[in-house]
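What follows is a single structure, written as structure tokens, with notes after it.
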Amino acid sequence: MSRGERRGMIQPDHPKLSLSAQCRVLSISRSTLYYRPLPASAEKLALMKEIDKLVTKYPFFGSRQIASWLARDGVKVGRHRVRRLMRQMGLQAVYRR
């Protein structure tokens, strides 16, 4: 049973079991009940679009080269952020190993 299905089984107004007890029984963290994911910001989406354009044009660029290329274009972004966004988008440099 997936975590989402178990989360759906929780009844906030259960007469006998508290939320903590229900979470323990279903083996899920209590914090998952309160977490609401935030949508991606427009800035992040624009940066991801720029990274995608660069990787499409230069598939052999890694996160370091993409970060320096973006800096030339006036976009201030760190290499680790580029690496994280590339990982989220499923992109990686193409090169011989």
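Here's how to read the names in the structure tokens: chain A, B, ... by the order shown, residue numbers from 1 in each chain, ligand numbers from 1 in the order shown.
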Practice item. Write down as number ranges by chain the residues belonging to chain A that are assigned helix (DSSP H, G or I) by DSSP computed on the backbone. Key: A: 3-8, 19-26, 31-34, 42-57, 63-72, 79-89
Selection export as a CSV table (one decimal), in the first residue's frame, atoms kept: C-alpha atoms:
```csv
chain,number,residue,atom,x,y,z
A,3,ARG,CA,2.0,6.3,1.4
A,4,GLY,CA,-0.7,8.3,-0.3
A,5,GLU,CA,-3.3,5.5,0.2
A,6,ARG,CA,-2.3,5.2,3.8
A,7,ARG,CA,-2.5,9.0,4.2
A,8,GLY,CA,-6.0,8.9,2.7
A,19,LEU,CA,-4.1,11.6,14.7
A,20,SER,CA,-0.8,10.5,16.3
A,21,ALA,CA,-2.2,7.0,17.0
A,22,GLN,CA,-3.6,6.6,13.5
A,23,CYS,CA,-0.2,7.7,12.0
A,24,ARG,CA,1.6,5.1,14.2
A,25,VAL,CA,-0.8,2.4,13.2
A,26,LEU,CA,-0.4,3.2,9.5
A,31,SER,CA,4.2,15.7,9.6
A,32,THR,CA,3.0,14.3,6.3
A,33,LEU,CA,-0.6,15.2,7.4
A,34,TYR,CA,0.3,18.9,7.6
A,42,ALA,CA,8.1,31.7,-11.9
A,43,GLU,CA,11.8,32.5,-11.3
A,44,LYS,CA,12.6,28.8,-10.8
A,45,LEU,CA,10.6,27.8,-13.9
A,46,ALA,CA,12.4,30.5,-16.0
A,47,LEU,CA,15.8,29.2,-14.8
A,48,MET,CA,14.8,25.6,-15.6
A,49,LYS,CA,13.8,26.7,-19.1
A,50,GLU,CA,17.1,28.4,-19.6
A,51,ILE,CA,19.0,25.3,-18.4
A,52,ASP,CA,16.9,23.1,-20.7
A,53,LYS,CA,17.8,25.3,-23.7
A,54,LEU,CA,21.5,25.1,-22.9
A,55,VAL,CA,21.5,21.4,-22.4
A,56,THR,CA,19.6,20.9,-25.6
A,57,LYS,CA,22.1,23.1,-27.5
A,63,SER,CA,26.5,21.9,-14.1
A,64,ARG,CA,29.7,23.9,-13.9
A,65,GLN,CA,29.7,25.0,-17.5
A,66,ILE,CA,26.0,25.7,-17.5
A,67,ALA,CA,26.4,27.9,-14.4
A,68,SER,CA,29.3,29.8,-16.0
A,69,TRP,CA,27.3,30.2,-19.3
A,70,LEU,CA,24.3,31.5,-17.4
A,71,ALA,CA,26.6,34.0,-15.5
A,72,ARG,CA,27.8,35.3,-18.9
A,79,ARG,CA,26.6,25.5,-9.6
A,80,HIS,CA,24.9,23.4,-6.9
A,81,ARG,CA,21.5,24.9,-7.7
A,82,VAL,CA,22.0,24.2,-11.4
A,83,ARG,CA,23.0,20.6,-10.5
A,84,ARG,CA,19.9,20.2,-8.3
A,85,LEU,CA,17.6,21.5,-11.0
A,86,MET,CA,19.3,19.3,-13.6
A,87,ARG,CA,18.7,16.3,-11.4
A,88,GLN,CA,15.0,17.3,-10.9
A,89,MET,CA,14.6,17.6,-14.7
```
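The coordinates place atom CA of A:Ala40 at 28.8 Å from atom CA of A:Pro12.
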